[in-house]
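See structure below.
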There are 2 protein chains.
Amino acid sequence: VALTLLLTELCSTGGFQVVSLAHLNHTLRATADRDEQFCRDLAGRLGVPIVVERQDVRTSARLQRRSLEDAARRVRYGFLARAAAAVQADCIAVAHTQDDQAETFLLKLMRGAGSTGLSAIHPRRGAIVRPLLDVSRADLERFLRTAGQSWVEDETNQELDTPRNRIRHLVLPELDRTYGGPTRPAIARAASLVREDAAWLDALAADSFRRMADTGGGALAIDAVALLAEPLPLRRRLALLALRQVCGEREVGFGHVETALEVAAGICRAADVPGGRVERRRRNVVFTGRGAASPDAEDPCPPVQIGRRASGEGDTLT
Amino acid sequence: VALTLLLTELCSTGGFQVVSLAHLNHTLRATADRDEQFCRDLAGRLGVPIVVERQDVRTSARLQRRSLEDAARRVRYGFLARAAAAVQADCIAVAHTQDDQAETFLLKLMRGAGSTGLSAIHPRRGAIVRPLLDVSRADLERFLRTAGQSWVEDETNQELDTPRNRIRHLVLPELDRTYGGPTRPAIARAASLVREDAAWLDALAADSFRRMADTGGGALAIDAVALLAEPLPLRRRLALLALRQVCGEREVGFGHVETALEVAAGICRAADVPGGRVERRRRNVVFTGRGAASPDAEDPCPPVQIGRRASGEGDTLT
């Protein structure tokens with residue numbers, strides 16, 4: 001709601017147009033229809049078109065064997081891309097806040113991410129832009145109250161049944177008490193500094209990968225001596241890119257990267273990795289996939305990572 | 001105690017010698033003398049020499065206007081360096097654990113560090129080595145119990161009056177409940193991955209700094225166009241190195257780096273920074289210090305950062 005108000009207000013001076021709002025009804029909550037109606041009313045009052053879609057996210061999750069959160073995210077961003085195409089929008093603005101950023105950083109941290117994962121939510125990725133990523137949720141609520149604008153709350157955000165909600169309601173308040181003040185701004189800034197480092201290192205590694213990876217004959221070969229001569233941050237990323245190409249959608253972890261580098265160094269001769277195998281053959285470390293190539297097999301570069309949110313309110317197409 | 005036992009056990013096969021133990025009595029706690037005696041007894045039982053010193057850390061802190069923790073750390077590492085020299089040791093082994101590492105990461109995070117700060121505790125820096133940095137405190141306690149070896153606890157570690165103790169006893173357990181398992185290993189690994197990235201980027205930046213910084217005439221000049229042509233991670237680090245040279249011991253923050261880069265970009269013409277000034281002069285961005293040069297003025301590279309611990313037990317000279 002805040003994003004919609006701000007963008008419809010700023011578009012007169014900002015050199016952009018709010019082409020349409022977009023709302024996905026995830027049909028997950030009893031209050032989902034109330035929220036849909038709220039969005040339709042808001043659009044009507046502002047005189048902005050709105051694209052609304054209903055999706056059975058629970059069934060998608062079951063069929064794809066994904067977590068509800070993961071499935072909801074995929075369905076939502078798929079819908080937003082379709083909606084943007086339908087209304088010929090160049091950008092999709094979504095309303096992640098500094099709070100979402102700090103929560104995502106801690107979620108990634110506790111799951112053992114390196115600096116690429118700790119980059120957390122990206123302010124811009126492809127057509128997706130997140131203009132509120134530096135703004136706190138409290139400031140946005142103050143803005144809405146001052147503007148006399150009501151909003152709807154996803155009441156499941158209050159429950160302590162998901163890691164994100166526990167981070168929000170238990171971990172971050174404890175960290176704030178420890179620091180003696182709000183820690184979300186510092187965490188969000190750490191995410192952004194780490195992201196700057198990681199983005200450049202990822203780009204350097206992708207460059208080297210294109211130069212070094214030989215994909216002839218159904219396998220991916222990299223000169224092991226050249227690989228081991230790279231500085232450690234690039235070496236790790238090169239191994240990860242090679243594994244991603246072989247493992248496709250399967251999860252590649254820190255341990256698999258270590259294993260690949262051990263094979264390259266000749267510490268072990270060969271090892272299995274998810275959906276594939278890594279072997280040392282003469283000067284090369286060779287990555288081979290097992291079975292059918294996955295949809296991602298063509299593109300070894302990290303797929304677009306999008307921060308997870310419990311609800312889809314606030315997505316605005318500009 | 002665990003470090004001492006492990007190193008005296010391993011030295012027969014490990015190609016090193018435990019030359020001496022070293023214990024600093026910080027004279028901060030009523031139980032400090034008990035702990036000193038414990039260390040003397042341990043050394044006696046193991047047949048290893050021990051260097052013991054008493055220091056009035058509270059007075060040092062007051063005279064130097066430092067926090068007790070900061071003053072204790074400086075006094076302790078100063079003592080260890082002297083002790084190592086006295087017994088002609090090549091290395092100083094200290095007993096930081098994976099738990100210390102995870103705590104330090106969260107402390108740095110809540111204070112707004114970038115990837116260099118989030119590198120947290122280094123496994124090796126100069127003569128200091130930390131062989132237990134990947135080992136959990138729980139595993140070390142199990143080891144000591146199995147070995148039938150007692151130890152003394154710094155009872156102030158149980159109090160909730162310092163940020164570190166609050167992180168240890170409140171924040172990390174809450175994060176463990178959220179994750180559904182121990183999160184310290186993941187956080188410690190994140191610290192080590194971020195450190196690998198940061199170490200290489202810091203080294204690249206130090207290289208560029210030596211090439212780009214012109215320190216003639218009492219000021220430090222860098223070609224602003226060349227500076228702004230560097231990728232963002234190096235640009236930030238170059239500005240930080242220049243500021244460190246000018247600001248000496250004074251704290252340089254994220255905002256000062258931003259300011260220096262804004263001056264370089266011509267967004268503002270000049271700005272004050274702690275203990276100095278940044279100005280755009282023709283093609284150059286020029287950093288000048290005010291007043292007497294600080295002791296660090298000769299070395300713009302980051303000073304050795306050492307993780308903080310509440311107590312100095314477990315320091316072993318090898």
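The chains in the structure tokens are called A, B, ... from first to last as shown; in each chain the residues are counted from 1, and the ligands are counted from 1 in the order shown.
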task = Report as a ChimeraX atom specification the set of chain B residues whose atoms approach chain A to within 9 Å, with distances computed over only C-alpha atoms.
result = /B:106-107,109-115,118,162-164,166-167,170-172,174-179,182-194,196-198,200-201,231-234
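Proximity to stretch 29-42 of chain A at 10 Å, evaluated using only C-alpha atoms and with sequence-adjacent residues fewer than 4 positions away removed, yields Val1, Thr4, Leu5, Leu21, Ala22, His23, Leu24, Asn25, Leu46, Gly47, Val48, Pro49, Ile50, Val51, Val52, Glu53, Arg54, Gln149, Ser150, Trp151, Val152, Glu153, Asp154, Glu155, Thr156, Ser311, Glu313 and Gly314 of chain A.
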Written file, previous selection with N, CA, C and O atoms, as a short mmCIF file (atom, residue, chain, number, x, y, z; two decimals), in the first residue's frame:
data_model
loop_
_atom_site.label_atom_id
_atom_site.label_comp_id
_atom_site.auth_asym_id
_atom_site.auth_seq_id
_atom_site.Cartn_x
_atom_site.Cartn_y
_atom_site.Cartn_z
N VAL A 1 0.84 -1.19 0.00
CA VAL A 1 0.00 0.00 0.00
C VAL A 1 0.88 1.25 0.00
O VAL A 1 0.66 2.19 -0.76
N THR A 4 2.58 1.68 -3.38
CA THR A 4 1.61 2.18 -4.37
C THR A 4 1.40 3.68 -4.21
O THR A 4 1.47 4.44 -5.18
N LEU A 5 1.18 4.10 -2.97
CA LEU A 5 0.95 5.53 -2.73
C LEU A 5 2.16 6.36 -3.13
O LEU A 5 2.04 7.40 -3.79
N LEU A 21 -1.39 -1.83 -11.08
CA LEU A 21 -1.11 -2.61 -9.89
C LEU A 21 -1.29 -4.08 -10.26
O LEU A 21 -1.91 -4.40 -11.28
N ALA A 22 -0.72 -4.95 -9.42
CA ALA A 22 -0.91 -6.38 -9.65
C ALA A 22 -1.08 -7.06 -8.31
O ALA A 22 -0.29 -6.81 -7.39
N HIS A 23 -2.09 -7.88 -8.19
CA HIS A 23 -2.32 -8.59 -6.93
C HIS A 23 -2.54 -10.07 -7.21
O HIS A 23 -3.40 -10.43 -8.00
N LEU A 24 -1.75 -10.88 -6.53
CA LEU A 24 -1.98 -12.32 -6.62
C LEU A 24 -2.71 -12.79 -5.36
O LEU A 24 -2.22 -12.59 -4.25
N ASN A 25 -3.86 -13.39 -5.56
CA ASN A 25 -4.57 -14.02 -4.44
C ASN A 25 -4.03 -15.45 -4.33
O ASN A 25 -4.28 -16.30 -5.18
N LEU A 46 -7.54 5.15 -6.58
CA LEU A 46 -6.40 5.88 -7.16
C LEU A 46 -6.55 6.02 -8.68
O LEU A 46 -5.77 6.72 -9.31
N GLY A 47 -7.53 5.34 -9.25
CA GLY A 47 -7.71 5.41 -10.71
C GLY A 47 -6.59 4.71 -11.48
O GLY A 47 -6.22 5.14 -12.57
N VAL A 48 -6.02 3.65 -10.89
CA VAL A 48 -4.95 2.89 -11.54
C VAL A 48 -5.51 1.51 -11.88
O VAL A 48 -6.17 0.90 -11.04
N PRO A 49 -5.27 0.99 -13.09
CA PRO A 49 -5.72 -0.37 -13.41
C PRO A 49 -5.09 -1.39 -12.46
O PRO A 49 -4.02 -1.14 -11.90
N ILE A 50 -5.72 -2.52 -12.30
CA ILE A 50 -5.14 -3.58 -11.48
C ILE A 50 -5.34 -4.93 -12.15
O ILE A 50 -6.41 -5.20 -12.72
N VAL A 51 -4.28 -5.74 -12.16
CA VAL A 51 -4.36 -7.12 -12.67
C VAL A 51 -4.46 -8.04 -11.46
O VAL A 51 -3.61 -7.96 -10.57
N VAL A 52 -5.50 -8.85 -11.40
CA VAL A 52 -5.65 -9.76 -10.26
C VAL A 52 -5.71 -11.20 -10.78
O VAL A 52 -6.29 -11.46 -11.83
N GLU A 53 -5.03 -12.07 -10.06
CA GLU A 53 -5.08 -13.48 -10.45
C GLU A 53 -5.25 -14.31 -9.17
O GLU A 53 -4.78 -13.91 -8.11
N ARG A 54 -5.92 -15.46 -9.30
CA ARG A 54 -6.05 -16.40 -8.18
C ARG A 54 -5.24 -17.64 -8.51
O ARG A 54 -5.30 -18.14 -9.64
N GLN A 149 -4.16 6.71 5.31
CA GLN A 149 -4.41 5.54 4.45
C GLN A 149 -4.38 4.26 5.29
O GLN A 149 -3.41 4.01 6.00
N SER A 150 -5.44 3.49 5.22
CA SER A 150 -5.46 2.21 5.95
C SER A 150 -4.75 1.13 5.14
O SER A 150 -4.42 1.33 3.97
N TRP A 151 -4.49 0.02 5.79
CA TRP A 151 -3.90 -1.13 5.08
C TRP A 151 -4.39 -2.41 5.72
O TRP A 151 -5.04 -2.36 6.77
N VAL A 152 -4.12 -3.54 5.09
CA VAL A 152 -4.49 -4.82 5.69
C VAL A 152 -3.23 -5.56 6.11
O VAL A 152 -2.19 -5.45 5.46
N GLU A 153 -3.34 -6.26 7.23
CA GLU A 153 -2.20 -7.03 7.73
C GLU A 153 -2.43 -8.51 7.43
O GLU A 153 -3.54 -9.01 7.61
N ASP A 154 -1.38 -9.18 7.01
CA ASP A 154 -1.42 -10.64 6.92
C ASP A 154 -1.25 -11.16 8.35
O ASP A 154 -0.15 -11.13 8.91
N GLU A 155 -2.37 -11.62 8.94
CA GLU A 155 -2.31 -11.97 10.37
C GLU A 155 -1.39 -13.17 10.63
O GLU A 155 -0.92 -13.34 11.75
N THR A 156 -1.07 -13.97 9.60
CA THR A 156 -0.16 -15.09 9.83
C THR A 156 1.26 -14.60 10.12
O THR A 156 2.09 -15.35 10.63
N SER A 311 3.77 -12.67 2.21
CA SER A 311 2.59 -12.28 1.44
C SER A 311 3.02 -11.45 0.25
O SER A 311 4.14 -10.97 0.16
N GLU A 313 1.40 -8.66 -0.96
CA GLU A 313 0.85 -7.31 -1.04
C GLU A 313 1.95 -6.33 -1.39
O GLU A 313 3.10 -6.51 -1.02
N GLY A 314 1.59 -5.28 -2.05
CA GLY A 314 2.54 -4.21 -2.29
C GLY A 314 3.31 -4.36 -3.58
O GLY A 314 4.19 -3.56 -3.86
#
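Distance annotation: of B:Arg269, B:Arg235, B:Arg82, B:Arg250, the residue with the minimal separation from B:Val286 is B:Arg269; atom set is only C-alpha atoms.
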Contact residues around A:Leu7 with only C-alpha atoms at 12 Å, ignoring same-chain residues under 3 positions, as an MDAnalysis selection string = chainID A and resid 1:4 10:21 46 48 92:95 130:132 314:318
request  = List every residue of stretch 45-189 of chain B that DSSP, applied to the backbone, labels as strand (DSSP E), and write the result as a ChimeraX atom specification.
outcome  = /B:50-54,92-93,124-125,128-129
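Using only C-alpha atoms, the smallest distance between any of A:Ser67, A:Asn284, A:Thr59, A:Gln101 and A:Met212 comes from A:Asn284.
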key: Non-local contacts of A:Leu238 (8 Å; only C-alpha atoms; under 5 positions in same chain excluded) as a PyMOL selection string   = chain A and resi 205-206+208-209+227
